[in-house]
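This is protein-v3.cif. It holds mmCIF, C-alpha atoms.
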```cif
data_coords
#
loop_
_atom_site.group_PDB
_atom_site.id
_atom_site.type_symbol
_atom_site.label_atom_id
_atom_site.label_comp_id
_atom_site.auth_asym_id
_atom_site.auth_seq_id
_atom_site.Cartn_x
_atom_site.Cartn_y
_atom_site.Cartn_z
ATOM 1 C CA MET H 416 -22.143 -21.118 18.169
ATOM 2 C CA THR H 417 -21.374 -21.489 14.484
ATOM 3 C CA PRO H 418 -18.241 -19.757 13.167
ATOM 4 C CA ILE H 419 -18.805 -17.760 9.979
ATOM 5 C CA PHE H 420 -16.035 -16.228 7.895
ATOM 6 C CA ILE H 421 -16.989 -13.019 6.042
ATOM 7 C CA ALA H 422 -14.854 -11.345 3.383
ATOM 8 C CA PRO H 423 -15.222 -9.084 0.325
ATOM 9 C CA TYR H 424 -14.487 -12.100 -1.880
ATOM 10 C CA LEU H 425 -13.704 -15.771 -1.228
ATOM 11 C CA SER H 426 -12.074 -17.782 -3.982
ATOM 12 C CA PRO H 427 -13.134 -21.419 -4.595
ATOM 13 C CA GLU H 428 -9.965 -22.504 -2.763
ATOM 14 C CA ALA H 429 -10.871 -20.394 0.270
ATOM 15 C CA GLN H 430 -14.409 -21.783 0.221
ATOM 16 C CA THR H 431 -13.057 -25.339 0.190
ATOM 17 C CA LEU H 432 -10.839 -24.527 3.156
ATOM 18 C CA CYS H 433 -13.882 -23.274 5.087
ATOM 19 C CA ARG H 434 -15.797 -26.471 4.302
ATOM 20 C CA GLU H 435 -12.901 -28.660 5.454
ATOM 21 C CA HIS H 436 -12.835 -26.859 8.804
ATOM 22 C CA GLU H 437 -16.642 -26.768 9.117
ATOM 23 C CA VAL H 438 -16.715 -22.968 9.034
ATOM 24 C CA GLY H 439 -19.610 -21.110 7.419
ATOM 25 C CA PHE H 440 -18.807 -18.345 4.994
ATOM 26 C CA LEU H 441 -20.254 -15.542 2.946
ATOM 27 C CA ASP H 442 -18.769 -12.822 0.782
ATOM 28 C CA LEU H 443 -19.940 -9.598 -0.839
ATOM 29 C CA GLU H 444 -20.085 -11.212 -4.272
ATOM 30 C CA GLY H 445 -22.992 -13.437 -3.136
ATOM 31 C CA ASN H 446 -21.246 -16.707 -2.219
ATOM 32 C CA ALA H 447 -22.552 -18.207 1.016
ATOM 33 C CA ARG H 448 -22.649 -21.475 2.950
ATOM 34 C CA LEU H 449 -24.359 -21.641 6.346
ATOM 35 C CA VAL H 450 -24.940 -25.030 7.977
ATOM 36 C CA PHE H 451 -26.216 -25.403 11.520
ATOM 37 C CA ASP H 452 -28.943 -27.459 13.267
ATOM 38 C CA GLY H 453 -31.643 -27.974 10.656
ATOM 39 C CA VAL H 454 -30.490 -25.103 8.459
ATOM 40 C CA PHE H 455 -28.584 -25.540 5.206
ATOM 41 C CA ILE H 456 -27.986 -22.533 2.959
ATOM 42 C CA GLU H 457 -25.556 -22.644 0.070
ATOM 43 C CA ARG H 458 -25.261 -20.187 -2.792
ATOM 44 C CA LEU H 459 -22.383 -19.981 -5.248
ATOM 45 C CA VAL H 460 -21.915 -17.395 -7.978
ATOM 46 C CA SER H 461 -19.490 -17.351 -10.881
ATOM 47 C CA SER H 462 -18.755 -13.624 -10.723
ATOM 48 C CA LYS H 463 -15.783 -12.145 -8.893
ATOM 49 C CA PRO H 464 -14.579 -8.581 -8.339
ATOM 50 C CA PRO H 465 -12.221 -7.134 -10.961
ATOM 51 C CA VAL H 466 -8.700 -8.025 -9.903
ATOM 52 C CA GLU H 467 -7.290 -4.786 -11.288
ATOM 53 C CA ARG H 468 -9.536 -2.671 -9.099
ATOM 54 C CA ARG H 469 -8.660 -4.544 -5.908
ATOM 55 C CA GLU H 470 -4.937 -4.473 -6.636
ATOM 56 C CA LEU H 471 -5.080 -0.811 -7.574
ATOM 57 C CA LYS H 472 -6.735 0.137 -4.299
ATOM 58 C CA SER H 473 -4.058 -1.706 -2.350
ATOM 59 C CA LEU H 474 -1.374 0.268 -4.201
ATOM 60 C CA PHE H 475 -2.815 3.520 -2.839
ATOM 61 C CA LYS H 476 -3.488 2.419 0.737
ATOM 62 C CA PRO H 477 -1.841 4.698 3.343
ATOM 63 C CA LYS H 478 1.345 2.676 3.875
ATOM 64 C CA SER H 479 1.944 2.147 0.165
ATOM 65 C CA ALA H 480 1.020 5.767 -0.518
ATOM 66 C CA GLN H 481 3.845 6.883 1.782
ATOM 67 C CA VAL H 482 6.255 5.196 -0.631
ATOM 68 C CA LEU H 483 4.618 6.781 -3.674
ATOM 69 C CA ARG H 484 4.757 10.268 -2.161
ATOM 70 C CA VAL H 485 8.479 9.954 -1.501
ATOM 71 C CA MET H 486 9.077 8.858 -5.086
ATOM 72 C CA LEU H 487 6.808 11.484 -6.647
ATOM 73 C CA ARG H 488 8.770 14.325 -5.103
ATOM 74 C CA ASP H 489 11.474 13.476 -7.646
ATOM 75 C CA PRO H 490 10.006 10.941 -10.131
ATOM 76 C CA GLY H 491 13.196 10.480 -12.134
ATOM 77 C CA ARG H 492 15.316 9.583 -9.114
ATOM 78 C CA PRO H 493 16.199 5.878 -8.805
ATOM 79 C CA TRP H 494 15.711 4.250 -5.398
ATOM 80 C CA ARG H 495 17.081 1.158 -3.704
ATOM 81 C CA VAL H 496 14.450 -0.815 -1.797
ATOM 82 C CA THR H 497 16.122 -0.496 1.602
ATOM 83 C CA GLU H 498 16.713 3.241 1.224
ATOM 84 C CA LEU H 499 13.132 3.858 0.129
ATOM 85 C CA ALA H 500 11.735 1.818 3.021
ATOM 86 C CA GLU H 501 13.793 3.801 5.528
ATOM 87 C CA ILE H 502 12.819 7.241 4.191
ATOM 88 C CA ALA H 503 9.136 6.335 3.709
ATOM 89 C CA GLY H 504 8.976 4.762 7.160
ATOM 90 C CA VAL H 505 7.488 1.456 5.974
ATOM 91 C CA SER H 506 8.585 -2.169 5.809
ATOM 92 C CA LEU H 507 10.588 -3.731 2.991
ATOM 93 C CA GLY H 508 7.480 -5.763 2.151
ATOM 94 C CA HIS H 509 5.433 -2.625 1.492
ATOM 95 C CA VAL H 510 8.139 -1.239 -0.776
ATOM 96 C CA SER H 511 8.320 -4.544 -2.661
ATOM 97 C CA ASN H 512 4.546 -4.503 -3.196
ATOM 98 C CA VAL H 513 4.694 -0.941 -4.523
ATOM 99 C CA ARG H 514 7.621 -1.887 -6.749
ATOM 100 C CA SER H 515 5.668 -4.800 -8.226
ATOM 101 C CA GLY H 516 2.576 -2.636 -8.741
ATOM 102 C CA LEU H 517 4.525 0.072 -10.567
ATOM 103 C CA LEU H 518 6.373 -2.391 -12.794
ATOM 104 C CA ASP H 519 3.249 -4.439 -13.608
ATOM 105 C CA ARG H 520 1.454 -1.323 -14.854
ATOM 106 C CA GLU H 521 4.560 0.081 -16.555
ATOM 107 C CA TRP H 522 4.476 3.186 -14.364
ATOM 108 C CA GLY H 523 7.951 2.436 -13.107
ATOM 109 C CA GLN H 524 11.230 1.132 -14.447
ATOM 110 C CA VAL H 525 14.369 -0.322 -12.937
ATOM 111 C CA SER H 526 17.821 0.945 -13.841
ATOM 112 C CA ASP H 527 21.229 -0.071 -12.537
ATOM 113 C CA LYS H 528 20.744 2.446 -9.735
ATOM 114 C CA GLY H 529 17.276 1.315 -8.682
ATOM 115 C CA LEU H 530 13.542 1.858 -9.186
ATOM 116 C CA PHE H 531 12.142 5.121 -10.543
ATOM 117 C CA ILE H 532 8.734 6.375 -11.717
ATOM 118 C CA SER H 533 8.654 6.576 -15.502
ATOM 119 C CA GLU H 534 4.991 7.582 -15.940
ATOM 120 C CA PRO H 535 4.092 9.984 -13.096
ATOM 121 C CA ASP H 536 1.058 11.423 -14.915
ATOM 122 C CA ALA H 537 -0.490 7.972 -15.488
ATOM 123 C CA LEU H 538 0.170 7.063 -11.857
ATOM 124 C CA LEU H 539 -1.483 10.230 -10.547
ATOM 125 C CA ASN H 540 -4.495 9.813 -12.834
ATOM 126 C CA ALA H 541 -5.032 6.275 -11.536
ATOM 127 C CA TRP H 542 -4.592 7.469 -7.952
ATOM 128 C CA ARG H 543 -7.207 10.145 -8.533
ATOM 129 C CA ASP H 544 -9.690 7.592 -9.919
ATOM 130 C CA ALA H 545 -9.131 5.119 -7.063
ATOM 131 C CA TYR H 546 -8.920 7.769 -4.349
ATOM 132 C CA GLU H 547 -10.626 7.300 -0.996
ATOM 133 C CA PRO H 548 -10.452 10.085 1.619
ATOM 134 C CA PRO H 549 -8.281 9.158 4.612
ATOM 135 C CA VAL H 550 -10.219 8.068 7.646
ATOM 136 C CA GLY H 551 -9.863 10.359 10.621
ATOM 137 C CA LYS H 552 -11.463 12.478 13.317
ATOM 138 C CA ARG H 553 -13.337 15.499 11.923
ATOM 139 C CA MET H 554 -13.315 18.714 13.947
ATOM 140 C CA GLY H 555 -15.602 21.659 13.190
ATOM 141 C CA LEU H 556 -14.031 24.973 14.247
ATOM 142 C CA TYR H 557 -14.621 28.688 13.831
ATOM 143 C CA THR H 558 -12.340 31.599 12.981
ATOM 144 C CA THR H 559 -12.985 35.312 12.602
ATOM 145 C CA LEU H 560 -10.186 35.611 10.016
ATOM 146 C CA HIS H 561 -10.981 35.721 6.315
ATOM 147 C CA GLY H 562 -9.462 36.764 2.996
ATOM 148 C CA SER H 563 -5.775 37.693 2.923
ATOM 149 C CA ALA H 564 -5.588 37.753 6.734
ATOM 150 C CA PHE H 565 -6.656 34.104 6.822
ATOM 151 C CA GLU H 566 -4.231 33.110 4.048
ATOM 152 C CA ASP H 567 -1.300 34.833 5.753
ATOM 153 C CA ALA H 568 -2.076 33.212 9.096
ATOM 154 C CA ALA H 569 -2.590 29.802 7.494
ATOM 155 C CA ARG H 570 0.679 30.086 5.595
ATOM 156 C CA GLN H 571 2.483 30.948 8.801
ATOM 157 C CA ALA H 572 0.992 27.942 10.582
ATOM 158 C CA LEU H 573 1.655 25.479 7.770
ATOM 159 C CA HIS H 574 5.243 26.531 7.145
ATOM 160 C CA ALA H 575 6.334 26.921 10.774
ATOM 161 C CA GLY H 576 8.654 24.444 12.406
ATOM 162 C CA SER H 577 10.582 21.642 10.796
ATOM 163 C CA GLU H 578 10.387 20.291 7.264
ATOM 164 C CA ASN H 579 8.196 17.495 8.604
ATOM 165 C CA ARG H 580 4.892 19.235 7.985
ATOM 166 C CA GLN H 581 2.237 18.738 10.651
ATOM 167 C CA ALA H 582 -0.671 20.268 8.694
ATOM 168 C CA VAL H 583 -1.728 20.770 5.071
ATOM 169 C CA PHE H 584 -4.595 22.324 3.141
ATOM 170 C CA ALA H 585 -7.286 19.912 1.956
ATOM 171 C CA SER H 586 -10.294 19.840 -0.381
ATOM 172 C CA PHE H 587 -11.307 23.281 -1.754
ATOM 173 C CA SER H 588 -8.623 24.996 0.303
ATOM 174 C CA ALA H 589 -5.928 22.981 -1.487
ATOM 175 C CA ALA H 590 -7.622 23.356 -4.873
ATOM 176 C CA HIS H 591 -7.648 27.143 -4.447
ATOM 177 C CA TRP H 592 -3.858 27.136 -4.823
ATOM 178 C CA LEU H 593 -4.101 25.369 -8.180
ATOM 179 C CA ALA H 594 -7.329 26.407 -9.874
ATOM 180 C CA PRO H 595 -9.449 28.780 -7.768
ATOM 181 C CA TYR H 596 -12.742 28.149 -9.535
ATOM 182 C CA GLY H 597 -14.697 26.628 -6.663
ATOM 183 C CA ARG H 598 -16.272 28.906 -4.087
ATOM 184 C CA THR H 599 -17.028 27.854 -0.544
ATOM 185 C CA GLY H 600 -17.199 29.541 2.833
ATOM 186 C CA MET H 601 -15.397 26.588 4.459
ATOM 187 C CA GLN H 602 -11.665 26.050 4.884
ATOM 188 C CA TYR H 603 -10.265 22.513 5.068
ATOM 189 C CA PHE H 604 -7.100 21.014 6.556
ATOM 190 C CA TYR H 605 -5.489 17.701 7.368
ATOM 191 C CA ALA H 606 -3.359 17.862 10.491
ATOM 192 C CA ALA H 607 -1.479 15.876 13.086
ATOM 193 C CA ASP H 608 -2.001 16.761 16.744
ATOM 194 C CA ALA H 609 0.888 19.237 16.703
ATOM 195 C CA GLY H 610 -0.395 20.784 13.492
ATOM 196 C CA LEU H 611 -3.864 21.204 14.975
ATOM 197 C CA GLU H 612 -2.461 23.141 17.910
ATOM 198 C CA ARG H 613 -0.478 25.341 15.529
ATOM 199 C CA LEU H 614 -3.596 26.044 13.467
ATOM 200 C CA LYS H 615 -5.614 26.882 16.582
ATOM 201 C CA VAL H 616 -3.093 29.529 17.588
ATOM 202 C CA SER H 617 -2.423 31.083 14.166
ATOM 203 C CA LEU H 618 -6.046 31.074 12.962
ATOM 204 C CA LYS H 619 -7.540 31.872 16.387
ATOM 205 C CA LEU H 620 -9.749 28.815 16.159
ATOM 206 C CA SER H 621 -12.460 27.971 18.640
ATOM 207 C CA LEU H 622 -14.772 24.978 18.880
ATOM 208 C CA ALA H 623 -18.128 25.485 17.199
ATOM 209 C CA SER H 624 -21.254 23.440 17.785
ATOM 210 C CA LYS H 625 -22.743 25.235 14.774
ATOM 211 C CA GLY H 626 -21.636 27.887 12.334
ATOM 212 C CA GLU H 627 -18.261 26.245 11.741
ATOM 213 C CA ASN H 628 -16.158 27.650 8.910
ATOM 214 C CA VAL H 629 -12.989 25.564 9.355
ATOM 215 C CA VAL H 630 -12.831 21.769 9.211
ATOM 216 C CA VAL H 631 -9.693 19.971 10.395
ATOM 217 C CA THR H 632 -9.391 16.221 9.908
ATOM 218 C CA LEU H 633 -6.925 14.283 12.039
ATOM 219 C CA PRO H 634 -6.016 11.242 9.900
ATOM 220 C CA ARG H 635 -6.030 7.932 11.695
ATOM 221 C CA THR H 636 -3.024 6.662 9.730
ATOM 222 C CA LYS H 637 0.325 8.388 10.057
ATOM 223 C CA GLY H 638 1.730 9.805 6.839
ATOM 224 C CA CYS H 639 -1.459 9.828 4.777
ATOM 225 C CA SER H 640 -1.584 13.596 4.289
ATOM 226 C CA ALA H 641 -0.160 15.191 1.189
ATOM 227 C CA ILE H 642 2.853 17.509 1.156
ATOM 228 C CA LEU H 643 2.104 21.178 0.703
ATOM 229 C CA PRO H 644 4.546 23.114 -1.512
ATOM 230 C CA ASN H 645 6.322 26.155 -0.075
ATOM 231 C CA ARG H 646 4.791 28.463 -2.661
ATOM 232 C CA ARG H 647 1.860 28.705 -5.009
ATOM 233 C CA PRO H 648 2.658 25.868 -7.459
ATOM 234 C CA GLY H 649 3.578 26.722 -11.011
ATOM 235 C CA PRO H 650 4.646 24.886 -14.165
ATOM 236 C CA SER H 651 7.957 23.935 -12.580
ATOM 237 C CA ALA H 652 6.268 21.637 -10.037
ATOM 238 C CA PRO H 653 3.401 19.856 -11.811
ATOM 239 C CA VAL H 654 3.681 16.535 -9.983
ATOM 240 C CA GLN H 655 3.783 18.001 -6.476
ATOM 241 C CA SER H 656 0.969 20.378 -7.324
ATOM 242 C CA ARG H 657 -1.353 17.611 -8.439
ATOM 243 C CA LEU H 658 -0.460 15.508 -5.413
ATOM 244 C CA ILE H 659 -2.186 17.991 -3.112
ATOM 245 C CA LEU H 660 -5.522 17.111 -4.670
ATOM 246 C CA THR H 661 -5.193 13.512 -3.565
#
```
Take the structure in the file and give it back as structure tokens.
Amino acid sequence: MTPIFIAPYLSPEAQTLCREHEVGFLDLEGNARLVFDGVFIERLVSSKPPVERRELKSLFKPKSAQVLRVMLRDPGRPWRVTELAEIAGVSLGHVSNVRSGLLDREWGQVSDKGLFISEPDALLNAWRDAYEPPVGKRMGLYTTLHGSAFEDAARQALHAGSENRQAVFASFSAAHWLAPYGRTGMQYFYAADAGLERLKVSLKLSLASKGENVVVTLPRTKGCSAILPNRRPGPSAPVQSRLILT
């Protein structure tokens, strides 16, 4: 067998390391080196992916996004690294990476009391542009509820229990709370297992092989769902309102 290392991008230094250890390689930019038996293939390109784009995506990955969501609930509040890591439920390393990303792009500043978000609008705009839907299990369900009856039941399910929300509106269902211009017969949610059970009871959901009108996605990564506000958002909560759309 011939070992081959595959990556989105391999720098010249990484390529040299592969050669030294007699490992083939190829990347998505077009660099490749495959040597075995009577076969020799080598192709090197000068292009490389934009660094900004790769770094930006890493800033909004689920673990880092948990840190951003904590900070965006109160953008002007300064945070110490250890306190932020504990509340966000991530490692100190993740918080440090987020801190560096915010400072490098001038979206955050550091005061005597800690790190705070100085440009929440710019941060959210960049998050929107780099957004990728969270990966998870999609469930197609059916409910007989509609209109105000559905909204009342959904509100009851979403706001029940502790402050640690187990389900939130998603897609058009979330957008309806902000700017109800889109029209669709589907309702969308993100939910944890406990939230799914709560939705099933409140919305009288049943499994549907066809004719589904409710889609619930169970995110694979803990903490990647947005926080739903307790009321229909208004001018007093612009940051939290926009966060739903992520």
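Pairwise distance (atom CA of H:Thr497, atom CA of H:Gln581) equals 25.4 Å.
Non-sequential neighbours of H:Ala503 (distance at most 12 Å, separation of 6 or more positions within a chain, all atoms listed in the file) are Pro477, Lys478, Ser479, Ala480, Gln481, Val482, Leu483, Arg484, Val485, Met486, Leu487, Arg488, Trp494, Val496, Thr497, His509, Val510, Val513, Lys637, Gly638 and Cys639 of chain H.
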Gap from atom CA of H:Leu560 to atom CA of H:Ala606 - Å, one decimal: 19.0 Å
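Nearest to H:Leu620 of all the residues H:Leu432, H:Leu556, H:Leu633, H:Leu593 is H:Leu556, based on all atoms listed in the file.
The list of residues with at least one atom within 9 Å of stretch 439-445 of chain H, based on only C-alpha atoms and without residues fewer than 5 positions apart in the same chain, reads Thr417, Pro418, Ile419, Phe420, Ile421, Ala422, Pro423, Tyr424, Leu425, Gln430, Cys433, Arg434, Val450, Phe451, Arg458, Leu459, Val460, Ser462, Lys463 and Pro464 of chain H.
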Near-H:Ser586 list (7 Å; all atoms listed in the file; drop same-chain fewer than 2 positions) as a PyMOL selection string: chain H and resi 588-590+603+660
Polymer residues at most 9 Å from (-9.4, 7.8, 1.3) by only C-alpha atoms, as an NGL selection string: :H and (475-477 or 545-550 or 639 or 661)
Dump as a CSV table (one decimal), in the coordinates of the input, selection limited to C-alpha atoms:
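Result written to again.csv:
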```csv
chain,number,residue,atom,x,y,z
H,475,PHE,CA,-2.8,3.5,-2.8
H,476,LYS,CA,-3.5,2.4,0.7
H,477,PRO,CA,-1.8,4.7,3.3
H,545,ALA,CA,-9.1,5.1,-7.1
H,546,TYR,CA,-8.9,7.8,-4.3
H,547,GLU,CA,-10.6,7.3,-1.0
H,548,PRO,CA,-10.5,10.1,1.6
H,549,PRO,CA,-8.3,9.2,4.6
H,550,VAL,CA,-10.2,8.1,7.6
H,639,CYS,CA,-1.5,9.8,4.8
H,661,THR,CA,-5.2,13.5,-3.6
```
Stretch 552-554 of chain H environment, 9 Å, all atoms listed in the file, sequence neighbours closer than 2 positions dropped, as a PDB file with C-alpha atoms, in the coordinates of the input:
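Output below, filename part26.pdb:
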```
ATOM      1  CA  VAL H 550     -10.219   8.068   7.646  1.00  0.00           C
ATOM      2  CA  LEU H 556     -14.031  24.973  14.247  1.00  0.00           C
ATOM      3  CA  LEU H 622     -14.772  24.978  18.880  1.00  0.00           C
ATOM      4  CA  ALA H 623     -18.128  25.485  17.199  1.00  0.00           C
ATOM      5  CA  VAL H 629     -12.989  25.564   9.355  1.00  0.00           C
ATOM      6  CA  VAL H 630     -12.831  21.769   9.211  1.00  0.00           C
ATOM      7  CA  VAL H 631      -9.693  19.971  10.395  1.00  0.00           C
ATOM      8  CA  THR H 632      -9.391  16.221   9.908  1.00  0.00           C
ATOM      9  CA  LEU H 633      -6.925  14.283  12.039  1.00  0.00           C
ATOM     10  CA  PRO H 634      -6.016  11.242   9.900  1.00  0.00           C
ATOM     11  CA  ARG H 635      -6.030   7.932  11.695  1.00  0.00           C
TER      12      ARG H 635
END
```
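Closest approach to H:Pro427 among H:Arg570, H:Ser461, H:Val525, H:Gly600 is made by H:Ser461 (distances from all atoms listed in the file).
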Point-to-point distance in Å for atom CA of H:Lys619 and atom CA of H:Thr558: 5.9 Å
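For the choices H:Arg448, H:Lys528, H:Arg520, H:Arg514, the atom-to-atom distance to H:Arg492 is smallest for H:Lys528 when using only C-alpha atoms.
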